[in-house]
$ cat structure_0.txt   # compact mmCIF, C-alpha atoms and all ligand atoms
# COMPACT_ATOMS: atom_id res chain seq x y z
CA MET A 1 -25.25 15.45 -24.81
CA LEU A 2 -21.85 13.81 -24.27
CA LYS A 3 -19.07 16.10 -23.11
CA PRO A 4 -15.33 15.95 -23.72
CA PHE A 5 -13.26 15.43 -20.57
CA ALA A 6 -9.65 14.97 -19.52
CA LEU A 7 -8.38 11.83 -17.81
CA PRO A 8 -7.26 12.15 -14.19
CA GLU A 9 -3.69 13.48 -14.21
CA ASN A 10 -1.82 10.49 -12.77
CA LEU A 11 -3.93 7.76 -14.32
CA LEU A 12 -1.97 5.19 -16.33
CA MET A 13 -4.05 3.58 -19.08
CA GLY A 14 -3.77 -0.05 -20.09
CA SER A 15 -5.40 -3.44 -20.06
CA ALA A 16 -5.37 -6.65 -18.03
CA THR A 17 -5.18 -10.37 -18.71
CA ALA A 18 -4.58 -13.57 -16.75
CA SER A 19 -2.03 -16.25 -17.65
CA LEU A 20 -4.47 -19.15 -17.81
CA GLN A 21 -6.85 -17.18 -20.00
CA ILE A 22 -4.32 -16.28 -22.68
CA GLU A 23 -1.15 -18.36 -22.57
CA GLY A 24 -2.12 -21.86 -23.64
CA GLY A 25 0.18 -24.87 -23.50
CA ASP A 26 0.20 -25.60 -19.76
CA THR A 27 -1.32 -28.85 -18.55
CA ASN A 28 -0.20 -28.76 -14.94
CA ASN A 29 -2.99 -26.63 -13.47
CA SER A 30 -6.46 -27.02 -11.98
CA TRP A 31 -8.28 -25.41 -14.90
CA TYR A 32 -6.66 -27.63 -17.49
CA ALA A 33 -7.92 -30.66 -15.63
CA TRP A 34 -11.39 -29.12 -15.16
CA ALA A 35 -11.78 -28.22 -18.87
CA GLU A 36 -10.58 -31.67 -19.96
CA ARG A 37 -13.42 -33.15 -17.91
CA GLY A 38 -15.83 -31.06 -20.01
CA GLY A 39 -16.67 -28.29 -17.55
CA ILE A 40 -16.76 -25.44 -20.11
CA ALA A 41 -19.91 -24.08 -21.82
CA ASP A 42 -18.67 -24.28 -25.43
CA GLY A 43 -16.41 -27.28 -24.86
CA SER A 44 -13.25 -25.13 -25.11
CA LYS A 45 -10.06 -26.29 -23.50
CA THR A 46 -7.50 -24.08 -21.82
CA SER A 47 -5.12 -24.45 -24.74
CA PRO A 48 -4.22 -22.80 -27.05
CA ALA A 49 -6.26 -19.92 -25.52
CA ALA A 50 -4.68 -16.87 -27.19
CA ASP A 51 -1.33 -18.68 -27.60
CA HIS A 52 0.23 -15.76 -25.80
CA TRP A 53 3.10 -17.89 -24.44
CA ASN A 54 4.40 -18.05 -28.03
CA ARG A 55 3.28 -14.58 -29.08
CA VAL A 56 4.60 -12.30 -26.38
CA GLY A 57 6.46 -10.08 -28.87
CA GLN A 58 3.39 -9.66 -31.08
CA ASP A 59 1.14 -8.90 -28.12
CA VAL A 60 3.45 -6.36 -26.53
CA ALA A 61 3.65 -4.62 -29.93
CA LEU A 62 -0.15 -4.59 -29.99
CA MET A 63 -0.29 -3.01 -26.53
CA LYS A 64 2.16 -0.38 -27.68
CA GLU A 65 -0.03 0.30 -30.71
CA LEU A 66 -2.95 0.69 -28.30
CA LYS A 67 -0.92 3.28 -26.36
CA HIS A 68 -0.69 1.29 -23.17
CA GLN A 69 1.17 2.82 -20.25
CA VAL A 70 0.46 -0.10 -17.93
CA TYR A 71 -0.27 -3.79 -18.43
CA ARG A 72 -1.66 -6.03 -15.74
CA MET A 73 -0.49 -9.58 -16.37
CA SER A 74 -0.47 -12.68 -14.22
CA LEU A 75 2.10 -15.40 -13.68
CA GLU A 76 1.12 -19.04 -13.93
CA TRP A 77 2.03 -20.55 -10.57
CA SER A 78 1.98 -24.07 -12.05
CA ARG A 79 4.68 -23.14 -14.57
CA ILE A 80 6.88 -21.43 -12.00
CA GLU A 81 6.51 -24.14 -9.34
CA PRO A 82 5.69 -27.28 -11.34
CA GLU A 83 6.35 -29.49 -8.31
CA ALA A 84 6.10 -28.53 -4.65
CA GLY A 85 9.20 -26.57 -3.71
CA ARG A 86 10.87 -26.78 -7.15
CA PHE A 87 10.99 -23.48 -9.00
CA SER A 88 11.51 -23.43 -12.75
CA ALA A 89 14.34 -21.15 -13.88
CA ASP A 90 13.02 -21.45 -17.45
CA ALA A 91 9.52 -20.22 -16.59
CA LEU A 92 10.92 -17.33 -14.56
CA ALA A 93 13.25 -16.44 -17.43
CA HIS A 94 10.31 -16.44 -19.82
CA TYR A 95 8.36 -14.00 -17.64
CA ARG A 96 11.47 -11.91 -17.16
CA GLY A 97 11.78 -11.65 -20.94
CA GLU A 98 8.14 -10.58 -21.22
CA ILE A 99 8.51 -7.94 -18.53
CA GLU A 100 11.69 -6.60 -20.12
CA ARG A 101 9.85 -6.23 -23.42
CA LEU A 102 7.04 -4.32 -21.70
CA ILE A 103 9.44 -1.96 -19.99
CA LYS A 104 11.29 -1.39 -23.25
CA ALA A 105 7.96 -0.51 -24.86
CA GLY A 106 7.33 2.08 -22.12
CA ILE A 107 4.65 -0.07 -20.44
CA LYS A 108 4.67 -0.48 -16.68
CA PRO A 109 4.07 -4.08 -15.54
CA LEU A 110 1.54 -4.74 -12.80
CA VAL A 111 2.08 -8.39 -11.93
CA THR A 112 -0.46 -10.77 -10.36
CA LEU A 113 0.69 -13.88 -8.54
CA HIS A 114 -2.59 -15.81 -8.36
CA HIS A 115 -5.48 -15.51 -10.78
CA PHE A 116 -7.83 -18.46 -10.22
CA SER A 117 -5.54 -21.32 -11.23
CA ASN A 118 -3.51 -23.61 -8.99
CA PRO A 119 -0.71 -26.05 -9.71
CA LEU A 120 -2.09 -29.60 -9.73
CA TRP A 121 0.16 -30.71 -6.88
CA PHE A 122 -1.34 -27.95 -4.73
CA GLU A 123 -4.92 -28.54 -5.87
CA ASN A 124 -4.72 -32.29 -5.41
CA SER A 125 -3.27 -32.04 -1.93
CA GLY A 126 -6.13 -29.93 -0.56
CA GLY A 127 -5.51 -26.58 -2.27
CA TRP A 128 -6.62 -23.58 -0.25
CA LEU A 129 -7.91 -25.83 2.52
CA ARG A 130 -4.39 -27.01 3.34
CA ASP A 131 -3.32 -25.71 6.75
CA ASP A 132 -0.03 -24.59 5.28
CA ALA A 133 -1.55 -22.99 2.15
CA PRO A 134 -0.53 -19.45 3.25
CA SER A 135 3.12 -20.36 3.77
CA VAL A 136 3.21 -22.43 0.57
CA PHE A 137 1.97 -19.37 -1.31
CA GLN A 138 4.44 -17.17 0.53
CA ALA A 139 7.34 -19.35 -0.65
CA TYR A 140 6.13 -18.96 -4.24
CA ALA A 141 5.81 -15.18 -3.75
CA ARG A 142 9.38 -15.09 -2.42
CA ALA A 143 10.82 -17.03 -5.37
CA VAL A 144 9.03 -14.76 -7.82
CA THR A 145 10.01 -11.51 -6.11
CA GLU A 146 13.64 -12.62 -5.87
CA ALA A 147 13.63 -13.36 -9.60
CA LEU A 148 11.64 -10.36 -10.86
CA GLY A 149 11.61 -7.80 -8.06
CA ASP A 150 14.34 -5.70 -9.66
CA LEU A 151 12.01 -5.10 -12.64
CA VAL A 152 8.58 -5.02 -11.00
CA SER A 153 7.50 -2.53 -8.35
CA ASP A 154 3.72 -3.11 -8.50
CA TRP A 155 2.16 -6.42 -7.46
CA VAL A 156 -1.26 -7.96 -7.10
CA THR A 157 -1.01 -10.93 -4.76
CA ILE A 158 -4.41 -12.54 -5.40
CA ASN A 159 -7.14 -11.78 -7.90
CA GLU A 160 -10.80 -11.81 -6.83
CA PRO A 161 -10.60 -14.33 -3.99
CA ASN A 162 -14.35 -13.83 -3.45
CA VAL A 163 -15.27 -14.88 -6.99
CA TYR A 164 -12.84 -17.79 -6.97
CA LEU A 165 -14.16 -19.09 -3.64
CA THR A 166 -17.84 -18.53 -4.36
CA ASN A 167 -17.68 -20.41 -7.66
CA GLY A 168 -15.22 -23.07 -6.55
CA TYR A 169 -16.30 -23.73 -2.97
CA VAL A 170 -19.99 -22.77 -2.74
CA TYR A 171 -21.55 -23.19 -6.20
CA GLY A 172 -19.16 -25.94 -7.25
CA ILE A 173 -19.04 -24.72 -10.85
CA TRP A 174 -15.27 -23.99 -10.88
CA PRO A 175 -12.45 -26.18 -9.68
CA PRO A 176 -12.19 -27.64 -7.10
CA GLY A 177 -15.98 -28.09 -7.46
CA ARG A 178 -16.90 -28.00 -3.78
CA THR A 179 -20.29 -26.98 -2.41
CA SER A 180 -19.58 -26.16 1.20
CA PRO A 181 -19.87 -22.64 2.66
CA LYS A 182 -17.88 -23.90 5.65
CA ASP A 183 -15.00 -24.86 3.37
CA MET A 184 -15.32 -21.57 1.55
CA PHE A 185 -14.78 -19.59 4.76
CA ALA A 186 -11.87 -21.81 5.78
CA ALA A 187 -10.24 -21.30 2.36
CA ALA A 188 -11.02 -17.56 2.56
CA ALA A 189 -9.15 -17.27 5.84
CA ASN A 190 -6.19 -18.99 4.21
CA MET A 191 -6.27 -16.74 1.16
CA ILE A 192 -6.33 -13.66 3.37
CA ASP A 193 -3.40 -15.04 5.36
CA ALA A 194 -1.60 -15.85 2.12
CA HIS A 195 -2.07 -12.28 0.94
CA ILE A 196 -0.77 -10.86 4.22
CA LEU A 197 2.30 -13.09 4.17
CA ALA A 198 3.00 -12.40 0.48
CA TYR A 199 2.56 -8.66 1.05
CA GLY A 200 5.24 -8.69 3.75
CA THR A 201 7.55 -10.89 1.70
CA ILE A 202 7.33 -8.75 -1.43
CA HIS A 203 8.22 -5.72 0.67
CA ASP A 204 11.06 -7.49 2.49
CA VAL A 205 12.65 -8.94 -0.64
CA ARG A 206 12.46 -5.69 -2.54
CA SER A 207 13.72 -3.64 0.34
CA ASP A 208 16.72 -6.00 0.60
CA MET A 209 17.28 -5.09 -3.07
CA GLY A 210 17.32 -1.44 -2.06
CA ARG A 211 13.93 -0.71 -3.64
CA THR A 212 11.64 1.72 -1.89
CA ASP A 213 8.84 2.01 -4.46
CA THR A 214 6.96 -1.23 -3.78
CA MET A 215 3.19 -1.14 -4.24
CA ALA A 216 1.46 -4.39 -3.34
CA GLY A 217 -2.23 -5.16 -2.95
CA ALA A 218 -4.99 -7.47 -4.15
CA ALA A 219 -7.54 -7.13 -6.96
CA HIS A 220 -11.00 -7.12 -5.36
CA HIS A 221 -14.08 -7.92 -7.39
CA LEU A 222 -16.59 -5.37 -6.07
CA ARG A 223 -20.24 -5.26 -7.00
CA VAL A 224 -22.99 -2.87 -6.08
CA PHE A 225 -25.67 -4.70 -4.07
CA ASP A 226 -28.83 -2.60 -4.06
CA PRO A 227 -32.10 -3.66 -2.40
CA ALA A 228 -34.65 -4.74 -5.00
CA SER A 229 -37.46 -2.88 -3.20
CA GLY A 230 -38.21 -0.63 -0.25
CA ASN A 231 -38.74 -3.70 1.94
CA PRO A 232 -36.33 -3.36 4.91
CA LEU A 233 -35.58 -7.08 4.63
CA ASP A 234 -34.23 -6.52 1.11
CA THR A 235 -31.98 -3.75 2.48
CA LEU A 236 -30.76 -6.01 5.23
CA VAL A 237 -29.98 -8.88 2.91
CA ALA A 238 -28.24 -6.53 0.44
CA LYS A 239 -25.95 -5.40 3.25
CA LEU A 240 -25.31 -8.99 4.21
CA PHE A 241 -24.35 -9.89 0.64
CA GLU A 242 -22.01 -6.92 0.48
CA TYR A 243 -20.39 -7.89 3.75
CA LEU A 244 -19.97 -11.57 3.02
CA PHE A 245 -19.01 -11.22 -0.63
CA GLN A 246 -16.61 -8.30 -0.38
CA GLY A 247 -16.44 -6.62 3.04
CA LEU A 248 -14.71 -9.56 4.71
CA PHE A 249 -12.04 -9.66 2.04
CA LEU A 250 -11.46 -5.92 1.98
CA ASP A 251 -11.03 -5.73 5.75
CA GLY A 252 -8.78 -8.79 5.77
CA MET A 253 -6.57 -7.84 2.86
CA LEU A 254 -6.34 -4.09 3.40
CA ASP A 255 -6.28 -3.77 7.18
CA GLY A 256 -5.47 -7.31 8.29
CA SER A 257 -8.70 -7.44 10.32
CA ARG A 258 -10.42 -10.78 10.56
CA ARG A 259 -14.20 -10.58 10.60
CA LEU A 260 -16.79 -13.19 11.48
CA PRO A 261 -17.42 -15.87 10.31
CA LEU A 262 -13.73 -16.22 9.46
CA ARG A 263 -11.66 -17.89 12.10
CA ARG A 264 -8.88 -15.90 13.75
CA HIS A 265 -6.03 -15.28 11.39
CA ARG A 266 -2.52 -16.31 12.18
CA ALA A 267 -0.56 -14.25 9.70
CA ALA A 268 -0.35 -10.81 11.19
CA LEU A 269 -1.76 -8.38 13.67
CA PRO A 270 -4.17 -5.86 12.20
CA GLY A 271 -2.38 -3.09 10.32
CA ARG A 272 -1.91 -1.84 6.80
CA VAL A 273 -1.40 -4.85 4.52
CA SER A 274 -2.05 -3.27 1.10
CA ASP A 275 -0.54 -0.22 -0.53
CA PHE A 276 -3.48 0.34 -2.87
CA LEU A 277 -7.12 -0.52 -3.21
CA GLY A 278 -7.43 -2.68 -6.33
CA ILE A 279 -10.92 -2.74 -7.81
CA ASN A 280 -12.35 -4.98 -10.51
CA TYR A 281 -15.73 -3.50 -11.35
CA TYR A 282 -18.34 -4.88 -13.71
CA THR A 283 -21.92 -4.65 -12.50
CA ARG A 284 -24.63 -4.33 -9.88
CA ASP A 285 -27.07 -6.85 -8.42
CA LEU A 286 -30.50 -6.17 -7.00
CA VAL A 287 -31.07 -8.19 -3.85
CA SER A 288 -34.35 -9.44 -2.48
CA PHE A 289 -35.07 -11.43 0.64
CA THR A 290 -36.26 -14.64 -0.99
CA PRO A 291 -34.62 -17.60 0.64
CA SER A 292 -33.50 -19.99 -2.06
CA ALA A 293 -31.51 -23.19 -2.12
CA ARG A 294 -28.70 -21.48 -4.03
CA THR A 295 -28.09 -18.41 -1.89
CA GLN A 296 -29.67 -19.60 1.37
CA PHE A 297 -31.12 -16.20 2.23
CA GLY A 298 -31.61 -14.00 -0.81
CA ARG A 299 -32.04 -13.74 -4.54
CA LEU A 300 -30.00 -11.67 -6.97
CA SER A 301 -31.51 -10.12 -10.07
CA VAL A 302 -30.84 -7.56 -12.77
CA LYS A 303 -32.75 -4.30 -12.75
CA PRO A 304 -35.61 -4.74 -15.23
CA GLY A 305 -35.09 -2.82 -18.46
CA SER A 306 -31.47 -1.97 -17.76
CA PRO A 307 -28.80 -2.21 -20.47
CA VAL A 308 -26.87 -5.48 -20.20
CA ASN A 309 -23.75 -7.04 -21.69
CA ASP A 310 -23.64 -10.31 -23.65
CA LEU A 311 -23.69 -12.24 -20.37
CA GLY A 312 -26.75 -10.40 -19.08
CA TRP A 313 -24.82 -8.30 -16.53
CA GLU A 314 -26.24 -4.82 -15.99
CA ILE A 315 -24.12 -2.03 -17.42
CA TYR A 316 -24.07 0.46 -14.57
CA PRO A 317 -21.21 3.02 -14.77
CA GLU A 318 -22.42 4.96 -11.72
CA GLY A 319 -21.58 1.85 -9.69
CA LEU A 320 -17.89 2.43 -10.29
CA TYR A 321 -18.22 5.90 -8.85
CA ARG A 322 -20.21 4.70 -5.85
CA LEU A 323 -17.86 1.87 -4.96
CA VAL A 324 -14.62 3.77 -5.40
CA ARG A 325 -15.91 6.72 -3.40
CA LYS A 326 -17.19 4.54 -0.59
CA TYR A 327 -14.15 2.34 -0.18
CA HIS A 328 -11.62 5.07 -0.84
CA ARG A 329 -13.18 6.99 2.02
CA ARG A 330 -13.08 3.92 4.23
CA TYR A 331 -9.51 2.81 3.57
CA GLY A 332 -7.83 6.02 2.36
CA LEU A 333 -5.58 4.27 -0.13
CA PRO A 334 -4.66 5.14 -3.72
CA VAL A 335 -6.99 3.36 -6.13
CA TYR A 336 -6.00 1.02 -8.95
CA ILE A 337 -8.79 0.02 -11.31
CA THR A 338 -7.39 -3.43 -11.87
CA GLU A 339 -10.27 -4.52 -14.17
CA ASN A 340 -13.30 -3.03 -15.88
CA GLY A 341 -14.81 -4.23 -19.12
CA ILE A 342 -17.70 -5.65 -21.08
CA ALA A 343 -18.59 -8.89 -22.84
CA ASP A 344 -19.60 -7.46 -26.22
CA ARG A 345 -18.82 -9.67 -29.19
CA ALA A 346 -20.33 -7.24 -31.70
CA ASP A 347 -18.46 -4.29 -30.20
CA ALA A 348 -21.73 -2.41 -30.21
CA ARG A 349 -21.47 -1.02 -26.67
CA ARG A 350 -17.79 -1.09 -25.66
CA SER A 351 -16.89 2.44 -26.79
CA ARG A 352 -19.76 3.96 -24.88
CA TYR A 353 -18.93 1.73 -21.92
CA LEU A 354 -15.38 3.09 -21.93
CA TYR A 355 -16.57 6.65 -22.14
CA ASP A 356 -19.09 6.25 -19.31
CA HIS A 357 -16.74 4.47 -16.92
CA LEU A 358 -13.78 6.77 -17.56
CA TYR A 359 -16.11 9.68 -17.00
CA GLN A 360 -16.84 8.31 -13.51
CA LEU A 361 -13.11 8.34 -12.84
CA ARG A 362 -12.98 12.00 -13.87
CA ARG A 363 -15.73 12.73 -11.33
CA LEU A 364 -13.83 10.87 -8.63
CA ALA A 365 -10.57 12.65 -9.40
CA ASP A 366 -12.40 15.98 -9.18
CA GLU A 367 -13.43 14.96 -5.67
CA GLY A 368 -9.83 14.27 -4.73
CA VAL A 369 -9.60 10.49 -5.19
CA ASP A 370 -6.05 9.41 -5.96
CA LEU A 371 -6.50 7.21 -9.04
CA ARG A 372 -3.35 5.57 -10.36
CA CYS A 373 -4.32 3.20 -13.17
CA TYR A 374 -7.15 1.94 -15.32
CA CYS A 375 -6.69 -1.59 -16.66
CA HIS A 376 -9.41 -2.46 -19.13
CA TRP A 377 -10.51 -6.08 -19.09
CA THR A 378 -9.18 -7.29 -21.47
CA THR A 379 -6.48 -6.96 -24.09
CA MET A 380 -7.62 -9.62 -26.56
CA ASP A 381 -10.59 -12.03 -26.37
CA ASN A 382 -9.61 -15.00 -24.25
CA PHE A 383 -10.67 -18.09 -22.35
CA GLU A 384 -13.48 -16.78 -20.14
CA TRP A 385 -13.50 -19.61 -17.57
CA MET A 386 -16.86 -21.44 -17.59
CA GLU A 387 -17.97 -19.49 -20.64
CA GLY A 388 -14.95 -20.51 -22.71
CA PHE A 389 -14.82 -18.37 -25.85
CA THR A 390 -18.52 -17.49 -25.83
CA ALA A 391 -17.88 -14.23 -23.94
CA ARG A 392 -15.70 -11.68 -25.75
CA PHE A 393 -14.21 -8.94 -23.58
CA GLY A 394 -11.28 -7.87 -25.79
CA LEU A 395 -10.23 -4.49 -27.09
CA VAL A 396 -8.77 -6.77 -29.74
CA GLU A 397 -10.86 -9.44 -31.42
CA LEU A 398 -9.29 -12.88 -31.47
CA ASP A 399 -10.10 -15.67 -33.88
CA PRO A 400 -9.18 -18.69 -31.74
CA ALA A 401 -8.93 -20.93 -34.84
CA THR A 402 -6.31 -18.83 -36.63
CA GLN A 403 -5.06 -16.75 -33.69
CA LYS A 404 -5.58 -13.66 -35.85
CA ARG A 405 -5.79 -10.48 -33.79
CA THR A 406 -7.89 -7.55 -35.08
CA VAL A 407 -8.16 -4.30 -33.16
CA ARG A 408 -11.81 -3.48 -32.55
CA LYS A 409 -13.17 0.01 -33.16
CA SER A 410 -13.42 0.40 -29.38
CA GLY A 411 -9.75 -0.59 -29.17
CA ARG A 412 -8.89 2.32 -31.45
CA PHE A 413 -11.03 4.58 -29.27
CA PHE A 414 -9.16 3.35 -26.20
CA ALA A 415 -5.82 4.12 -27.88
CA GLU A 416 -6.91 7.62 -28.86
CA ILE A 417 -8.10 8.37 -25.33
CA ALA A 418 -4.83 7.11 -23.85
CA ALA A 419 -2.77 9.15 -26.33
CA ALA A 420 -4.80 12.37 -25.98
CA ARG A 421 -5.21 11.91 -22.19
CA GLY A 422 -8.93 12.38 -22.50
CA VAL A 423 -11.99 12.29 -24.74
CA THR A 424 -12.27 15.03 -27.32
CA GLN A 425 -15.25 16.31 -29.30
CA ASP A 426 -13.86 14.62 -32.43
CA MET A 427 -13.69 11.29 -30.66
CA ILE A 428 -17.27 11.66 -29.47
CA ARG A 429 -18.33 12.24 -33.07
CA ASN A 430 -16.23 9.40 -34.49
CA TYR A 431 -16.83 6.72 -31.89
CA LEU A 432 -20.03 7.54 -30.08
CA GLY A 433 -22.13 8.78 -32.96
O1 LIG A 501 -12.33 -12.89 -17.07
C1 LIG A 501 -12.61 -12.48 -15.79
C2 LIG A 501 -11.32 -12.28 -15.01
O2 LIG A 501 -10.53 -13.43 -15.01
C3 LIG A 501 -11.61 -11.91 -13.59
N1 LIG A 501 -12.55 -10.80 -13.50
C4 LIG A 501 -13.72 -10.85 -14.33
C5 LIG A 501 -13.37 -11.18 -15.75
C6 LIG A 501 -14.64 -11.21 -16.62
O3 LIG A 501 -15.50 -12.18 -16.16
$ encode --input "structure_0.txt" --output "structure tokens" --more "lines below"
Ligand code: IFM
Amino acid sequence: MLKPFALPENLLMGSATASLQIEGGDTNNSWYAWAERGGIADGSKTSPAADHWNRVGQDVALMKELKHQVYRMSLEWSRIEPEAGRFSADALAHYRGEIERLIKAGIKPLVTLHHFSNPLWFENSGGWLRDDAPSVFQAYARAVTEALGDLVSDWVTINEPNVYLTNGYVYGIWPPGRTSPKDMFAAAANMIDAHILAYGTIHDVRSDMGRTDTMAGAAHHLRVFDPASGNPLDTLVAKLFEYLFQGLFLDGMLDGSRRLPLRRHRAALPGRVSDFLGINYYTRDLVSFTPSARTQFGRLSVKPGSPVNDLGWEIYPEGLYRLVRKYHRRYGLPVYITENGIADRADARRSRYLYDHLYQLRRLADEGVDLRCYCHWTTMDNFEWMEGFTARFGLVELDPATQKRTVRKSGRFFAEIAAARGVTQDMIRNYLG
């Protein structure tokens, strides 16, 4: 029997997107080039995506209708710095206009600097393997904070470096298409350095502006890795996956500690280098010790018989509770749920997904976890990387041919929860049957 519950007191409700996935119109980035070469499942290109670049007003109105209090957006680095060292006043003015609209609508911006896409000049000159990648990124972070820091207090430096690097540097299925674990760890060290430098710069620039409310961190893609059986080797390999896929990044980007096999970092001495723990949570993997060519030492699978989303990912709400509790205890930082959502074209499971995951946040708040925001992935259906438009995560359905936006039933549920600050008995009846 489903129970009504109240949202955690300080939790801002909203949704998240990424520039490349929604804006359209930019041809100066790594994903544009990748999609043009035919790397996307349904043949989609990165443009027009959701044509958001031309529809900012309409989309902010939609977020207001959906009772957003926060919106996590990203900036397209390739628009802001179209050539190395040249920053575009026009692109910055565009984003400034968007952020002003959000603030006017009562929606707090949470702004991401890097979400999977690189400017072509950066990508083609070595990308995250460049020795100077951290300082190049720092210069971009400085330009952005100087231009927007008076409006934006909350920043995500880098989104899901682990996913970006695994797909782009180990599996070779995302740009830059490399298949070298050695390169992946070299690029990881640079991304961690870049985060640490950007973190310091965002603080410095904003404190020169007299601002004392800066909150900067990264958005970490965290998964539950459970052993597939009672075999101690499965347990061992599950721990190894957890460490290599997420532990390294958490330690590097929250505490500035560099763990093996990353080389020594140059950016900073260990110390606090994030103001919040940003968590993107979707699913769990079962891990078995079955050496395979793909993973080298283990195999990932989905728990047999478990509910799954349209992409076959297990729907496992308890995982959100387990991960937040574990890492909140370890790092002691306020928690931002920077992403959480479901690929569900038919909208058959999203309302229940929302209920179940928000309920986990209630449990966590009752145990004293300081939860600050919940950003549902995603606002409207958008360009889902390799999957193109085959995976639909939106609270709002998008018809890419006409750009028509239609709020899904789960989107209305989301809005009612945000407005009422919780789930009521009526909502359970109306949305969860
Ligand atoms: O669409 C992505 C997003 O860009 C990063 N986190 C996971 C989402 C769903 O796959």
$ residues_near_ligand --input "structure_0.txt" --ligand "ligand LIG 501 (chain A)" --cutoff "7 Å" --atoms "all atoms listed in the file" --output "PyMOL selection string"
chain A and resi 18+115+160+221+280+339+377+384-385
$ residues_around --input "structure_0.txt" --residues "A:Thr46" --least-positions-apart "2" --cutoff "12 Å" --atoms "only C-alpha atoms" --output "PyMOL selection string"
chain A and resi 19-40+42-44+48-51+117+382-389+400
$ residues_around --input "structure_0.txt" --residues "A:Thr145" --least-positions-apart "5" --cutoff "10 Å" --atoms "all atoms listed in the file" --output "VMD selection string"
chain A and resid 113 139 to 140 150 to 153 155 198 201 to 206
$ residues_around --input "structure_0.txt" --residues "A:Leu244" --least-positions-apart "2" --cutoff "12 Å" --atoms "only C-alpha atoms" --output "ChimeraX atom specification"
/A:162-163,165-166,181,184-185,188,222-223,225,237-242,246-252,259-262,295
$ atom_distance --input "structure_0.txt" --atom1 "atom CA of A:Val407" --atom2 "atom CA of A:Asp347"
10.7 Å
$ residues_near_point --input "structure_0.txt" --point "(-15.0, 3.7, -17.6)" --cutoff "9 Å" --atoms "all atoms listed in the file" --output "list in words"
Pro317, Leu320, Asn340, Gly341, Arg352, Tyr353, Leu354, Tyr355, Asp356, His357, Leu358, Tyr359, Gln360, Leu361, Tyr374 and His376 of chain A
$ atom_distance --input "structure_0.txt" --atom1 "atom CA of A:Ala143" --atom2 "atom CA of A:Pro119"
15.3 Å
$ atom_distance --input "structure_0.txt" --atom1 "atom CA of A:Gly217" --atom2 "atom CA of A:Tyr336"
9.4 Å
$ residues_around --input "structure_0.txt" --residues "A:Asp193" --least-positions-apart "5" --cutoff "12 Å" --atoms "only C-alpha atoms" --output "count of residues only"
36
$ closest_residue --input "structure_0.txt" --among "A:Leu371, A:Val144, A:Leu197, A:Leu129" --to "A:Tyr169" --atoms "all atoms listed in the file"
A:Leu129
$ closest_residue --input "structure_0.txt" --among "A:Asn159, A:Thr290, A:Thr112, A:Ser351" --to "A:Ile428" --atoms "all atoms listed in the file"
A:Ser351
$ closest_residue --input "structure_0.txt" --among "A:Val60, A:Met380, A:Val224, A:Ala141" --to "A:Gln403" --atoms "only C-alpha atoms"
A:Met380
$ axis_aligned_box --input "structure_0.txt" --around "stretch 209-216 of chain A" --padding-each-side "6 Å" --output "lines of an AutoDock Vina configuration file"
center_x = 9.4
center_y = -1.5
center_z = -3.2
size_x = 27.9
size_y = 19.1
size_z = 14.6
$ residues_near_point --input "structure_0.txt" --point "(-18.8, -6.9, -26.8)" --cutoff "8 Å" --atoms "all atoms listed in the file" --output "PyMOL selection string"
chain A and resi 309-310+342-350+391-394
$ closest_residue --input "structure_0.txt" --among "A:Val287, A:Arg178, A:Ala61, A:Gly210" --to "A:Asn231" --atoms "only C-alpha atoms"
A:Val287
$ closest_residue --input "structure_0.txt" --among "A:Cys373, A:His220, A:Gln296, A:Leu432" --to "A:Tyr171" --atoms "all atoms listed in the file"
A:Gln296
